[in-house]
Amino acid sequence: MTAYIVRRLFATLPVMAVVALFVFFLLRFAPGDPAAIIAGEDATAESIAAVRAKLGLDRPMVEQFVVWTSQLLRGDMGVSIFSNMAVTRLISQRLEPTVALTLSTLFVAVALAVPIGVLAAWKARKWVDRLVMGFAVLGFAMPVFVLAYILIYFFAVQWQMLPVQGYQPMKEGFWPFVESLILPSVALGITYMALIARITRASMLEVLAQDYIRTANSKGLATDRVLLLHALKNAAVPIVTVIGIGIALLISGVVITETVFNIPGLGRLTVDAVLKRDYPVVQGLILVFAGAKVLVNLIIDISYAFLDPRIRY
Amino acid sequence: MFNRILAGAVALAVPFAAAQAQAPAQEKVLKAVMHADVRVIDPVWTTQTIANIHGALIYDTLFGNDADQKPQPQMVGKYEVSPDKLTYTFTLRDGLKFHDGSPVTTKDVIASLKRWGAKDGVGQRLMGFVTKMEPVDDKTFAMVLKAPYGMVLESLGKTSSSIPAIMREKDALTDPQQQIKEAVGSGPYIFAKDLWVPGSKAVYLKNKDYQPRTEAPSSFAGAKIPGVDRIELVWISDPQTAMSALINGEIDFYEAPPNDFVPLLEKARGVKLLKTGKIDSTQGFIRLNHLQPPFDNVKARQAMYYLINQEDFLRAIVGNPKYYKVCPALLTCGGPYENAGGREWMKEYNPKKALQLLKEAGYKGEPITVLSASDHATITPATQVLIQAMREAGINVDAQSMDWGSVVTRRAKKDPPAQGGWNIFVTTSGGVGSANPVLHTWIGAACDKGLFGWPCDAKIEELRNAFGMAQTEEERKKIATELQARAMEQVVYIPFGQWDTPLAYRADKIDGIVPNTGLAVLWGITKK
């Protein structure tokens with residue numbers, strides 16, 4: 001297993017190199033010029049050119065790429081063109097809110113979706129099942145931002161139970177921290193919940209039709225033991241896979257959720273950096289996201305071995 | 001089991017609750033959402049309005065414009081002008097100190113003015129007249145001109161584009177094309193760089209050592225008395241969320257709510273709206289590329305006037321007539337130099353005539369490239385109205401949809417449209433800057449050295465210079481009328497009206513709001 005993990009970690013290096021290459025050149029080929037944005041509305045073309053030269057953006061693209069990669073190899077992601085702040089600092093400032101939002105969403109989604117998926121499979125083709133599936137269709141169909149605005153309108157503006165926006169770090173109080181995450185987690189978690197509930201149901205239905213489940217039922221085992229120990233454990237591999245795939249969904253969902261709920265996380269940093277053409281920040285963020293995705297995939301793959309003893313690396 | 005979970009949760013929560021209970025008495029914090037986020041800390045390096053709002057909080061200026069847009073001494077205690085109007089002698093008032101505790105000296109002032117004068121358009125014009133600036137002592141310096149220039153004080157007190165912020169000499173010696181690394185000023189608030197999260201929040205702490213002037217506050221003039229302990233410029237990019245946060249009392253001040261939200265905010269409990277000062281906040285206009293056909297021909301440019309019905313644009317952008325004004329002029333209506341020069345060009349909306357005049361100017365149906373911003377609250381609808389009018393006239397429109405960031409890049413290209421250039425883009429300008437022919441850079445026609453579109457007309461530049469050198473208000477008004485008539489004839493740009501973006505704030509929580517004239521004045525706001 002250790003050799004497998006080491007091999008997989010080494011395999012991430014070419015993946016990251018390809019990501020770096022693509023990100024760098026795609027950004028440069030995309031229209032837009034940070035110097036023009038920095039110089040502002042009333043700047044002349046001369047002034048923009050002078051800013052561009054000072055930022056080194058007038059140099060050949062290959063030269064810029066070599067400079068950036070050599071910095072990267074030294075662990076330096078560069079500095080923001082706008083704020084002059086190190087990209088690593090900008091990312092670390094924004095990491096906590098995104099991690100908190102992602103984990104709380106994962107928690108909400110998995111804690112609710114797996115039981116209702118199991119319940120739907122157990123009560124297949126009954127009203128509970130239809131209700132769960134109806135919820136899943138609605139969860140998929142409703143865009144995150146629409147749900148977010150509905151939640152804000154009722155829970156924050158009308159009933160004033162929760163804040164409209166913002167993020168409170170845990171160090172500023174546990175309840176404000178939780179309070180600031182409830183609406184965003186629910187808004188972001190619904191789609192994810194719908195996805196996991198559907199897969200759990202489908203996977204459970206397949207397992208529940210197996211002979212060993214019939215045997216377990218014939219032995220007179222309690223329903224909860226049959227469902228949770230015999231069926232769910234064997235249905236877990238596709239569920240865990242979809243949780244892993246869902247993390248990619250979460251990353252894209254975080255961008256919208258953070259914008260609507262004004263959470264200063266990596267998603268908003270990405271949108272702002274793209275709109276402002278802050279190349280070093282976008283490049284750094286994409287590398288971080290790619291690294292996170294590779295890492296999640298690795299964790300999911302490793303978890304298979306624990307869930308299914310037949311899988312060995 | 002349940003009891004054990006509950007006990008664990010309580011054990012976790014108690015330390016947090018205790019920490020909160022021990023927190024010091026709450027400081028007075030103003031939470032303001034501005035029109036953009038503070039990403040650049042150098043107000044000279046960029047002309048972005050938000051960088052200048054940030055700059056106006058932490059830096060002081062030699063002069064400050066009052067509510068009537070008249071420059072009044074701010075850092076300057078007294079000044080003298082020689083009888084030949086060639087030498088200005090300025091003496092700094094007592095008690096001026098930078099946030100690091102060092103005194104403000106004339107060395108700092110001269111270095112700051114030189115940097116600003118090398119970068120800012122108005123500063124460059126002023127420095128064109130300045131032969132030397134030299135210190136007399138630590139508090140007095142002389143500015144010597146080669147010819148009398150009537151806009152010296154107006155330039156030093158200006159609030160549009162880059163303000164002439166007075167920095168420490170060591171910061172001011174930074175190349176003007178590079179951003180300063182430390183934002184240390186001598187103004188009423190101190191920038192808390194450690195608390196700055198670009199794209200989210202910029203924090204300013206009250207400068208307890210600041211010694212305000214004794215005169216009554218009036219916009220950028222008079223006493224700048226810090227009203228709260230801390231100002232947080234919070235960036236909420238989603239306007240719907242910002243509006244909800246204001247209604248919910250999570251923020252105190254919303255600088256530029258989109259006009260669509262004004263009816264909702266008017267009804268919201270505790271929220272008040274405040275119209276801008278005597279001058280509307282924004283002027284919208286269409287810029288034609290004078291370098292490329294068909295608009296390299298003045299007749300083709302003039303034909304475009306017949307496609308503009310300002311009401312169509314203003315209804316699309318603002319809606320409520322209470323907040324907009326039809327103004328077929330280049331110098332701001334309601335401003336001191338509002339005049340009738342050249343208005344006759346915009347009397348008639350007639351698409352057929354526009355096409356006919358275009359054809360007479362040699363237009364043969366070639367595609368006309370319009371840079372169409374897709375993500376701007378006002379420029380996007382205005383561009384759509386223009387495109388529709390052009391299509392109705394039968395003009396072959398090549399509408400290139402892109403984000404605003406791409407528009408500002410592409411508009412700097414002088415190439416033909418087919419090679420990445422352009423023919424038309426739509427933009428806006430601040431009403432205060434557009435009120436003065438010298439400060440209003442878009443009215444200029446300095447060819448290659450001018451702004452995008454590159455109008456080229458020696459007469460316009462002569463008139464702008466003459467305005468700057470005029471010594472009486474009467475003379476200035478006469479020149480302003482002549483200038484506007486000439487600029488309208490040459491079509492430096494086509495205005496499509498003026499509008500007001502009201503400020504929205506929690507009247508139950510804050511006080512001391514002043515109308516926004518160019519830059520938001522935040523230092524005088526107090527918390528109830």
# chains A, B, ... in the order shown; residues from 1 in each chain; ligands from 1
>>> residues_around(residues="B:Lys477", least_positions_apart="3", cutoff="12 Å", atoms="only C-alpha atoms", output="PyMOL selection string")
chain B and resi 331+335-341+435-437+463-464+466-468+470-474+480-484
>>> residues_around(residues="A:Gly78", least_positions_apart="3", cutoff="9 Å", atoms="only C-alpha atoms", output="list in words")
Trp68, Gln71, Leu72, Met85, Ala86, Val87, Thr88, Pro280, Val281 and Gly284 of chain A
>>> write_last_selection(atoms="C-alpha atoms", output="compact mmCIF listing (two decimals), in the first residue's frame")
# COMPACT_ATOMS: atom_id res chain seq x y z
CA TRP A 68 7.14 31.60 -13.30
CA GLN A 71 9.75 30.55 -9.05
CA LEU A 72 7.35 27.65 -8.57
CA MET A 85 0.74 40.54 -1.90
CA ALA A 86 2.30 37.07 -2.13
CA VAL A 87 -0.05 34.58 -3.80
CA THR A 88 0.63 32.08 -1.01
CA PRO A 280 -0.21 34.88 -10.77
CA VAL A 281 -3.22 34.49 -8.48
CA GLY A 284 -1.65 29.63 -8.11
>>> residues_around(residues="B:Arg213", least_positions_apart="4", cutoff="9 Å", atoms="only C-alpha atoms", output="PDB file with N, CA and C atoms, in the first residue's frame")
ATOM      1  N   GLN B  74      -6.057  72.778   2.731  1.00  0.00           N
ATOM      2  CA  GLN B  74      -6.265  71.635   3.633  1.00  0.00           C
ATOM      3  C   GLN B  74      -4.981  71.397   4.439  1.00  0.00           C
ATOM      4  N   MET B  75      -3.917  70.895   3.824  1.00  0.00           N
ATOM      5  CA  MET B  75      -2.640  70.786   4.557  1.00  0.00           C
ATOM      6  C   MET B  75      -1.933  72.144   4.597  1.00  0.00           C
ATOM      7  N   ARG B  93       0.461  73.815   7.418  1.00  0.00           N
ATOM      8  CA  ARG B  93      -0.044  74.172   8.745  1.00  0.00           C
ATOM      9  C   ARG B  93       0.660  73.332   9.814  1.00  0.00           C
ATOM     10  N   PRO B 217     -16.527  71.397   8.448  1.00  0.00           N
ATOM     11  CA  PRO B 217     -16.298  70.462   7.335  1.00  0.00           C
ATOM     12  C   PRO B 217     -17.188  70.791   6.140  1.00  0.00           C
ATOM     13  N   ALA B 221     -12.979  69.857   2.109  1.00  0.00           N
ATOM     14  CA  ALA B 221     -12.392  71.039   2.757  1.00  0.00           C
ATOM     15  C   ALA B 221     -12.806  71.086   4.230  1.00  0.00           C
ATOM     16  N   GLY B 222     -12.169  71.953   4.961  1.00  0.00           N
ATOM     17  CA  GLY B 222     -12.512  72.125   6.376  1.00  0.00           C
ATOM     18  C   GLY B 222     -12.018  70.983   7.238  1.00  0.00           C
ATOM     19  N   ALA B 223     -12.581  70.903   8.451  1.00  0.00           N
ATOM     20  CA  ALA B 223     -12.113  69.908   9.414  1.00  0.00           C
ATOM     21  C   ALA B 223     -12.457  68.495   8.964  1.00  0.00           C
ATOM     22  N   LYS B 224     -11.438  67.638   8.995  1.00  0.00           N
ATOM     23  CA  LYS B 224     -11.668  66.205   8.747  1.00  0.00           C
ATOM     24  C   LYS B 224     -11.612  65.541  10.121  1.00  0.00           C
ATOM     25  N   ILE B 225     -12.771  65.331  10.703  1.00  0.00           N
ATOM     26  CA  ILE B 225     -12.798  64.768  12.059  1.00  0.00           C
ATOM     27  C   ILE B 225     -13.200  63.299  11.974  1.00  0.00           C
TER      28      ILE B 225
END
>>> residues_around(residues="stretch 147-152 of chain A", least_positions_apart="5", cutoff="10 Å", atoms="only C-alpha atoms", output="list of chain:residue names")
A:Gly139, A:Met142, A:Val157, A:Gln158, A:Trp159, A:Gln160, A:Met161, A:Leu162, A:Pro163, A:Val164, A:Gln165, A:Leu183, A:Pro184, A:Ser185, A:Val186, A:Ala187, A:Leu188, A:Ile190, A:Ile256, A:Thr257, A:Val260, A:Phe261, B:Gln240, B:Thr241, B:Ser244, B:Ala245
>>> closest_residue(among="A:Leu250, A:Val18, A:Gln210, A:Leu119", to="A:Arg198", atoms="only C-alpha atoms")
A:Leu119
>>> select_by_dssp(residues="stretch 153-337 of chain B", states="alpha helix (DSSP H)", output="PyMOL selection string")
chain B and resi 153-156+169-172+239-247+262-267+298-303+310-317
>>> residues_around(residues="A:Ile302", least_positions_apart="6", cutoff="10 Å", atoms="only C-alpha atoms", output="PDB file with C-alpha atoms, in the first residue's frame")
ATOM      1  CA  MET A   1       0.000   0.000   0.000  1.00  0.00           C
ATOM      2  CA  TYR A   4       1.218   2.459  -4.131  1.00  0.00           C
ATOM      3  CA  ILE A   5       0.724   5.759  -2.294  1.00  0.00           C
ATOM      4  CA  VAL A 296      -9.058  13.607  -3.004  1.00  0.00           C
ATOM      5  CA  ILE A 311      -9.388  -4.593  -3.680  1.00  0.00           C
ATOM      6  CA  ARG A 312      -5.616  -4.666  -3.142  1.00  0.00           C
ATOM      7  CA  TYR A 313      -2.928  -2.347  -4.541  1.00  0.00           C
TER       8      TYR A 313
END
>>> residues_around(residues="A:Ser303", least_positions_apart="4", cutoff="12 Å", atoms="only C-alpha atoms", output="count of residues only")
20
>>> select_by_dssp(residues="stretch 263-502 of chain B", states="strand (DSSP E)", output="PyMOL selection string")
chain B and resi 271-274+282-288+324-325+368-373+397-402+424-430+494-499
>>> write_last_selection(atoms="C-alpha atoms", output="mmCIF file, in the first residue's frame")
data_model
loop_
_atom_site.group_PDB
_atom_site.id
_atom_site.type_symbol
_atom_site.label_atom_id
_atom_site.label_comp_id
_atom_site.auth_asym_id
_atom_site.auth_seq_id
_atom_site.Cartn_x
_atom_site.Cartn_y
_atom_site.Cartn_z
ATOM 1 C CA VAL B 271 -32.660 52.770 5.176
ATOM 2 C CA LYS B 272 -32.327 56.203 3.601
ATOM 3 C CA LEU B 273 -31.186 57.256 0.175
ATOM 4 C CA LEU B 274 -29.194 60.383 -0.469
ATOM 5 C CA THR B 282 -22.171 59.906 -13.767
ATOM 6 C CA GLN B 283 -22.152 60.948 -17.380
ATOM 7 C CA GLY B 284 -22.495 58.257 -20.050
ATOM 8 C CA PHE B 285 -21.006 58.509 -23.505
ATOM 9 C CA ILE B 286 -20.138 56.779 -26.756
ATOM 10 C CA ARG B 287 -16.584 56.935 -27.969
ATOM 11 C CA LEU B 288 -15.782 56.572 -31.665
ATOM 12 C CA TYR B 324 -31.559 60.954 -14.488
ATOM 13 C CA LYS B 325 -31.194 64.021 -16.621
ATOM 14 C CA ILE B 368 -18.727 48.456 -37.590
ATOM 15 C CA THR B 369 -17.168 46.825 -34.558
ATOM 16 C CA VAL B 370 -18.817 47.698 -31.269
ATOM 17 C CA LEU B 371 -17.100 46.508 -28.079
ATOM 18 C CA SER B 372 -20.078 45.255 -26.125
ATOM 19 C CA ALA B 373 -19.428 44.797 -22.415
ATOM 20 C CA VAL B 397 -23.016 46.088 -36.694
ATOM 21 C CA ASP B 398 -20.351 43.662 -35.553
ATOM 22 C CA ALA B 399 -21.172 43.492 -31.838
ATOM 23 C CA GLN B 400 -18.290 41.857 -30.002
ATOM 24 C CA SER B 401 -19.520 40.661 -26.660
ATOM 25 C CA MET B 402 -16.900 40.464 -23.916
ATOM 26 C CA ILE B 424 -17.083 52.080 -30.976
ATOM 27 C CA PHE B 425 -17.204 51.513 -27.252
ATOM 28 C CA VAL B 426 -19.432 52.902 -24.536
ATOM 29 C CA THR B 427 -18.182 54.185 -21.216
ATOM 30 C CA THR B 428 -18.917 56.587 -18.379
ATOM 31 C CA SER B 429 -17.180 59.423 -16.615
ATOM 32 C CA GLY B 430 -17.597 60.999 -13.195
ATOM 33 C CA ILE B 494 -21.393 61.449 -27.937
ATOM 34 C CA PRO B 495 -23.081 61.949 -24.565
ATOM 35 C CA PHE B 496 -26.203 59.958 -23.751
ATOM 36 C CA GLY B 497 -27.185 61.640 -20.520
ATOM 37 C CA GLN B 498 -26.423 61.961 -16.844
ATOM 38 C CA TRP B 499 -27.647 60.050 -13.873
#
>>> closest_residue(among="B:Gly227, B:Pro198, B:Pro455, B:Pro515", to="B:Pro212", atoms="only C-alpha atoms")
B:Gly227
>>> atom_distance(atom1="atom CA of A:Leu112", atom2="atom CA of A:Phe145")
21.0 Å
>>> closest_residue(among="B:Arg39, B:Lys28, B:Lys478, B:Lys85", to="A:Asp272", atoms="only C-alpha atoms")
B:Arg39
